[in-house]
Amino acid sequence: MRFFIVTQTFPPANGGMEATMYALAQHLTAKQHAVSVLPNKPYENPEAFAVVNRRYPKFLRATMKRHWLARQVRADDVVICDSWKSVAAVPKTASRIVVMAHGQEYLKTGARADQVQNALDRATHLVASSDFTLGLVCQGWQTQHLAKSTISPTYMLPDLAATPNQAAQNGGQCLEIISLCRLEARKGLKQTMTALAHLEPSDGSWHWSICGAGPQEGELKQLSRELGLDDKISFLGRVDDDEKDRLLAAADLFVMPSYQDGGSLEGFGISYIEAARAGLACVAGRSGGAAEAVIDGTTGWSVDAQNQSQLRAVLKEAMGNPTERAKRGKAAQDMFQQKMAGHIVFGKFLDHISTPHP
C-alpha cells in the first residue's frame, strides 16, 4: 500500500504535531509501506521515506502540492492530512483521504466552519486524538459518511522511558516538579506559580523546572521575580528528547493544569502521556481531552486551574503524599504500557485507515 502524508507541520520545526507526523512516516515505512511526505517547508535529513521538497510561496503551496499529487495518486493509495486545512492540497483523484482531528480547530467559528465542512465532505476517514475531540467534530459537522475513530497520537513516543529516580520519587528532601509544554496561558502555569507561592514552609521544600518556550514566557519570568521564587523555579527553555527523559526520570510530579482559554484548549495532552511513560503522576486540568490523558484519582489529580483555593489544595495534597504520588504514577505507567504504547496505538491507526469507509 502507498501512503502520501500531506502536512503543514513537520520537522525541522519543533512541536507535538511535527513529531506526530514524523512518527507516522517512520511507522508506516517500518511496515514496508511506500511513504511520500509533502511538508510545507523543505526537510533535508535522509530518511527511509520519500520527502517531496519544494520551495513555494505560501499562497501557492496547496496548489502545487495538489498538482504533484494529481500525477501520482492511484485509486488504492491513502492520503493522510495533518488537519482539515491540508485537504485543500489533495486532488480529486484521491479516493481515500484520512483527516486527523486534534481539538480546538473544531470549535466552530464564522466562515471557517464552511471550510471545515467542505474538507470533511471530501474525507473518508477521521482520526481524533480524544473522545472529546471526536465529540466536537460530530456535534458541529456532518460526519455520517466518515469512518471515525479515537486514536491518541502516542505512537510518537518510544515505548521505553528512562529509569525513574526512585529515591527522589519516594520523598527526597526537595520535591522536584516539572512542566513540559508551550508557555501559553491555557497551560495554567501562571495560576500554578501563584498557588505555589502561597504554600506554607511547613508544606515542604520544592523546585520547579519549566521546560518550553512560548508567548507567556516573559510574563512567567516576571511573575516569578515578583513572587520571590527565582531560587525555586528554573526556566530551561526547549529541551531535546534525551534531556526531557533525564528531567522526567529525576522528577517527582508533573504539573500542567490546562484550561480552555477562549478558543484555545487541550485536545488531548501528549505531555501528560510523556509523564505517564516515565511513571509520574500528574496534576492536570479538567477541560478538553485532558481528562482522558490523566484519570482523576487514578493516574493523577484533575483541577480547575482558575480556582486558586482548589488548585492550592490539590498541589498541597499531591506534593505532600509521596505514597499516593507513587501509586498514581505506577498506575499512569501501567496505562501507557497497556493502552498507549506506540506499537499498540499505531496498530489501531493502521487498522482504521485500512478499512473501507461507510
# chains A, B, ... in the order shown; residues from 1 in each chain; ligands from 1

$ residues_around --residues "Thr7 of chain A" --least-positions-apart "5" --cutoff "7 Å" --atoms "only C-alpha atoms" --output "list in words"
Leu38, Pro39, Asn40, Cys81, Asp82 and Ser86 of chain A

$ residues_around --residues "segment 87-91 of chain A" --least-positions-apart "3" --cutoff "7 Å" --atoms "only C-alpha atoms" --output "number ranges by chain"
A: 62-63, 65-66, 69-70, 81, 84, 94, 119

$ write_last_selection --atoms "N, CA and C atoms" --output "short mmCIF file (atom, residue, chain, number, x, y, z; two decimals), in the first residue's frame"
data_model
loop_
_atom_site.label_atom_id
_atom_site.label_comp_id
_atom_site.auth_asym_id
_atom_site.auth_seq_id
_atom_site.Cartn_x
_atom_site.Cartn_y
_atom_site.Cartn_z
N ALA A 62 -0.59 24.90 -1.49
CA ALA A 62 -1.66 23.91 -1.68
C ALA A 62 -1.84 23.56 -3.14
N THR A 63 -1.80 24.57 -4.00
CA THR A 63 -2.00 24.34 -5.44
C THR A 63 -0.90 23.46 -6.01
N LYS A 65 1.18 21.40 -4.40
CA LYS A 65 1.09 20.04 -3.85
C LYS A 65 0.00 19.25 -4.59
N ARG A 66 -1.12 19.90 -4.82
CA ARG A 66 -2.24 19.23 -5.49
C ARG A 66 -1.86 18.80 -6.91
N LEU A 69 0.47 15.75 -6.62
CA LEU A 69 -0.26 14.56 -6.22
C LEU A 69 -1.16 14.03 -7.33
N ALA A 70 -1.73 14.93 -8.12
CA ALA A 70 -2.63 14.51 -9.20
C ALA A 70 -1.91 13.60 -10.19
N CYS A 81 -3.89 13.57 5.92
CA CYS A 81 -3.78 15.02 6.12
C CYS A 81 -3.64 15.33 7.60
N TRP A 84 -7.76 19.34 8.72
CA TRP A 84 -8.70 19.63 7.64
C TRP A 84 -8.12 20.63 6.64
N ALA A 94 -7.87 11.41 -5.55
CA ALA A 94 -7.68 10.64 -4.32
C ALA A 94 -9.02 10.08 -3.84
N ALA A 119 -14.00 20.37 3.73
CA ALA A 119 -12.88 19.43 3.84
C ALA A 119 -13.36 18.06 4.32
#

$ residues_around --residues "segment 144-154 of chain A" --least-positions-apart "2" --cutoff "9 Å" --atoms "only C-alpha atoms" --output "MDAnalysis selection string"
chainID A and resid 20 120:121 123:131 133:134 138 142 156:158 268 270 273:274 336 340:342 345:346 348:349 352:353 355:358

$ write_last_selection --atoms "N, CA and C atoms" --output "tab-separated table (two decimals), in the first residue's frame"
chain	number	residue	atom	x	y	z
A	20	THR	N	4.36	14.12	15.66
A	20	THR	CA	3.32	13.15	15.30
A	20	THR	C	3.41	12.74	13.84
A	120	LEU	N	-14.24	18.05	5.31
A	120	LEU	CA	-14.76	16.78	5.83
A	120	LEU	C	-15.59	16.05	4.78
A	121	ASP	N	-16.29	16.79	3.94
A	121	ASP	CA	-17.09	16.17	2.88
A	121	ASP	C	-16.22	15.36	1.93
A	123	ALA	N	-13.31	13.92	2.83
A	123	ALA	CA	-12.58	12.88	3.55
A	123	ALA	C	-13.37	11.58	3.60
A	124	THR	N	-12.66	10.49	3.81
A	124	THR	CA	-13.29	9.18	4.01
A	124	THR	C	-13.09	8.66	5.42
A	125	HIS	N	-12.00	9.07	6.07
A	125	HIS	CA	-11.68	8.60	7.41
A	125	HIS	C	-11.30	9.78	8.31
A	126	LEU	N	-11.70	9.69	9.58
A	126	LEU	CA	-11.33	10.70	10.56
A	126	LEU	C	-10.65	10.00	11.73
A	127	VAL	N	-9.51	10.55	12.16
A	127	VAL	CA	-8.80	10.05	13.34
A	127	VAL	C	-8.73	11.17	14.35
A	128	ALA	N	-9.43	11.02	15.47
A	128	ALA	CA	-9.47	12.05	16.52
A	128	ALA	C	-8.50	11.69	17.63
A	129	SER	N	-7.88	12.72	18.22
A	129	SER	CA	-6.90	12.48	19.28
A	129	SER	C	-7.52	12.08	20.60
A	130	SER	N	-8.82	12.34	20.77
A	130	SER	CA	-9.51	12.02	22.02
A	130	SER	C	-11.00	11.90	21.75
A	131	ASP	N	-11.71	11.28	22.68
A	131	ASP	CA	-13.17	11.21	22.56
A	131	ASP	C	-13.76	12.61	22.62
A	133	THR	N	-12.42	15.35	21.39
A	133	THR	CA	-12.27	15.92	20.06
A	133	THR	C	-13.25	15.31	19.08
A	134	LEU	N	-13.43	14.00	19.14
A	134	LEU	CA	-14.39	13.34	18.26
A	134	LEU	C	-15.79	13.89	18.50
A	138	CYS	N	-18.30	15.60	15.71
A	138	CYS	CA	-19.61	15.01	15.42
A	138	CYS	C	-20.77	15.94	15.77
A	142	GLN	N	-21.43	17.56	9.72
A	142	GLN	CA	-22.00	16.35	9.16
A	142	GLN	C	-20.87	15.34	8.92
A	156	MET	N	4.01	8.52	18.69
A	156	MET	CA	5.18	9.38	18.55
A	156	MET	C	6.18	9.17	19.69
A	157	LEU	N	5.80	8.41	20.73
A	157	LEU	CA	6.66	8.20	21.90
A	157	LEU	C	7.33	6.83	21.85
A	158	PRO	N	8.61	6.75	22.19
A	158	PRO	CA	9.25	5.44	22.33
A	158	PRO	C	8.58	4.65	23.46
A	268	PHE	N	-5.96	16.80	23.72
A	268	PHE	CA	-5.61	15.54	24.40
A	268	PHE	C	-4.57	15.82	25.48
A	270	ILE	N	-0.40	15.38	25.00
A	270	ILE	CA	0.63	14.36	24.89
A	270	ILE	C	1.66	14.48	26.00
A	273	ILE	N	1.08	12.13	28.77
A	273	ILE	CA	1.45	10.74	28.48
A	273	ILE	C	2.96	10.57	28.52
A	274	GLU	N	3.71	11.59	28.18
A	274	GLU	CA	5.16	11.53	28.35
A	274	GLU	C	5.50	11.34	29.83
A	336	PHE	N	-0.07	3.54	30.21
A	336	PHE	CA	0.69	3.77	28.99
A	336	PHE	C	1.11	2.45	28.35
A	340	MET	N	-1.37	2.67	25.52
A	340	MET	CA	-0.90	3.81	24.74
A	340	MET	C	0.52	3.67	24.22
A	341	ALA	N	1.14	2.53	24.41
A	341	ALA	CA	2.48	2.32	23.85
A	341	ALA	C	2.40	2.45	22.34
A	342	GLY	N	3.49	2.92	21.73
A	342	GLY	CA	3.49	3.25	20.32
A	342	GLY	C	3.03	2.14	19.41
A	345	VAL	N	-0.87	1.57	19.69
A	345	VAL	CA	-1.70	2.64	19.13
A	345	VAL	C	-1.53	2.73	17.62
A	346	PHE	N	-0.30	2.57	17.13
A	346	PHE	CA	-0.13	2.63	15.68
A	346	PHE	C	-0.85	1.48	14.99
A	348	LYS	N	-3.67	0.23	15.86
A	348	LYS	CA	-5.06	0.67	15.75
A	348	LYS	C	-5.23	1.68	14.62
A	349	PHE	N	-4.26	2.59	14.51
A	349	PHE	CA	-4.31	3.62	13.46
A	349	PHE	C	-4.30	2.96	12.08
A	352	HIS	N	-7.53	1.11	11.27
A	352	HIS	CA	-8.65	2.00	11.00
A	352	HIS	C	-8.58	2.58	9.59
A	353	ILE	N	-7.42	3.11	9.21
A	353	ILE	CA	-7.35	3.79	7.91
A	353	ILE	C	-7.29	2.80	6.76
A	355	THR	N	-9.40	0.20	6.59
A	355	THR	CA	-10.75	-0.34	6.40
A	355	THR	C	-11.56	0.54	5.46
A	356	PRO	N	-12.49	-0.06	4.70
A	356	PRO	CA	-13.35	0.75	3.82
A	356	PRO	C	-14.20	1.71	4.64
A	357	HIS	N	-14.49	2.87	4.08
A	357	HIS	CA	-15.34	3.83	4.78
A	357	HIS	C	-16.80	3.46	4.54
A	358	PRO	N	-17.71	3.98	5.41
A	358	PRO	CA	-19.12	3.60	5.31
A	358	PRO	C	-19.71	3.89	3.94

$ residues_around --residues "Val78 of chain A" --least-positions-apart "3" --cutoff "7 Å" --atoms "only C-alpha atoms" --output "NGL selection string"
:A and (2-4 or 96-97)

$ write_last_selection --atoms "C-alpha atoms" --output "PDB file, in the first residue's frame"
ATOM      1  CA  ARG A   2       1.230   3.526  -0.783  1.00  0.00           C
ATOM      2  CA  PHE A   3       0.765   6.444   1.596  1.00  0.00           C
ATOM      3  CA  PHE A   4       1.029  10.172   0.933  1.00  0.00           C
ATOM      4  CA  ARG A  96      -9.168   7.563   0.418  1.00  0.00           C
ATOM      5  CA  ILE A  97      -8.438  10.676   2.463  1.00  0.00           C
TER       6      ILE A  97
END

$ residues_around --residues "Tyr259 of chain A" --least-positions-apart "5" --cutoff "7 Å" --atoms "only C-alpha atoms" --output "PyMOL selection string"
chain A and resi 186-188+265+285-287+305

$ select_by_dssp --residues "segment 40-145 of chain A" --states "helix (DSSP H, G or I)" --output "count of residues only"
43

$ residues_around --residues "segment 49-55 of chain A" --least-positions-apart "5" --cutoff "8 Å" --atoms "only C-alpha atoms" --output "list of chain:residue names"
A:Ala25, A:Gln26, A:Thr29, A:Ala34, A:Val35, A:Ser36, A:Val37, A:Leu38, A:Pro39, A:Asn40, A:Lys41, A:Pro42, A:Tyr43

$ residues_around --residues "Ser205 of chain A" --least-positions-apart "6" --cutoff "8 Å" --atoms "only C-alpha atoms" --output "list in words"
Gln173, Cys174 and Leu175 of chain A

$ select_by_dssp --residues "segment 63-250 of chain A" --states "strand (DSSP E or B)" --output "MDAnalysis selection string"
chainID A and resid 78:81 97:101 125:128 147:150 174:180 205:211 233:237

$ atom_distance --atom1 "atom CA of Tyr272 of chain A" --atom2 "atom CA of Lys232 of chain A"
22.5 Å

$ atom_distance --atom1 "atom CA of Arg277 of chain A" --atom2 "atom CA of Gly300 of chain A"
13.1 Å

$ atom_distance --atom1 "atom CA of Arg71 of chain A" --atom2 "atom CA of Lys85 of chain A"
21.1 Å

$ decode --residues "segment 105-129 of chain A" --atoms "C-alpha atoms" --output "PDB file, in the first residue's frame"
ATOM      1  CA  GLU A 105      -9.624  23.597  15.276  1.00  0.00           C
ATOM      2  CA  TYR A 106     -13.177  22.225  15.565  1.00  0.00           C
ATOM      3  CA  LEU A 107     -14.500  24.974  17.814  1.00  0.00           C
ATOM      4  CA  LYS A 108     -16.989  26.292  15.291  1.00  0.00           C
ATOM      5  CA  THR A 109     -16.391  29.904  14.289  1.00  0.00           C
ATOM      6  CA  GLY A 110     -17.814  32.027  11.450  1.00  0.00           C
ATOM      7  CA  ALA A 111     -16.976  31.431   7.807  1.00  0.00           C
ATOM      8  CA  ARG A 112     -14.275  28.901   8.676  1.00  0.00           C
ATOM      9  CA  ALA A 113     -16.991  26.414   9.640  1.00  0.00           C
ATOM     10  CA  ASP A 114     -17.964  26.100   5.959  1.00  0.00           C
ATOM     11  CA  GLN A 115     -14.336  25.423   5.025  1.00  0.00           C
ATOM     12  CA  VAL A 116     -14.145  22.701   7.674  1.00  0.00           C
ATOM     13  CA  GLN A 117     -17.317  21.043   6.380  1.00  0.00           C
ATOM     14  CA  ASN A 118     -16.096  21.180   2.785  1.00  0.00           C
ATOM     15  CA  ALA A 119     -12.884  19.430   3.841  1.00  0.00           C
ATOM     16  CA  LEU A 120     -14.762  16.784   5.827  1.00  0.00           C
ATOM     17  CA  ASP A 121     -17.087  16.167   2.880  1.00  0.00           C
ATOM     18  CA  ARG A 122     -14.083  15.086   0.833  1.00  0.00           C
ATOM     19  CA  ALA A 123     -12.581  12.880   3.554  1.00  0.00           C
ATOM     20  CA  THR A 124     -13.291   9.184   4.006  1.00  0.00           C
ATOM     21  CA  HIS A 125     -11.681   8.597   7.413  1.00  0.00           C
ATOM     22  CA  LEU A 126     -11.331  10.698  10.565  1.00  0.00           C
ATOM     23  CA  VAL A 127      -8.802  10.046  13.336  1.00  0.00           C
ATOM     24  CA  ALA A 128      -9.470  12.052  16.519  1.00  0.00           C
ATOM     25  CA  SER A 129      -6.895  12.484  19.277  1.00  0.00           C
TER      26      SER A 129
END
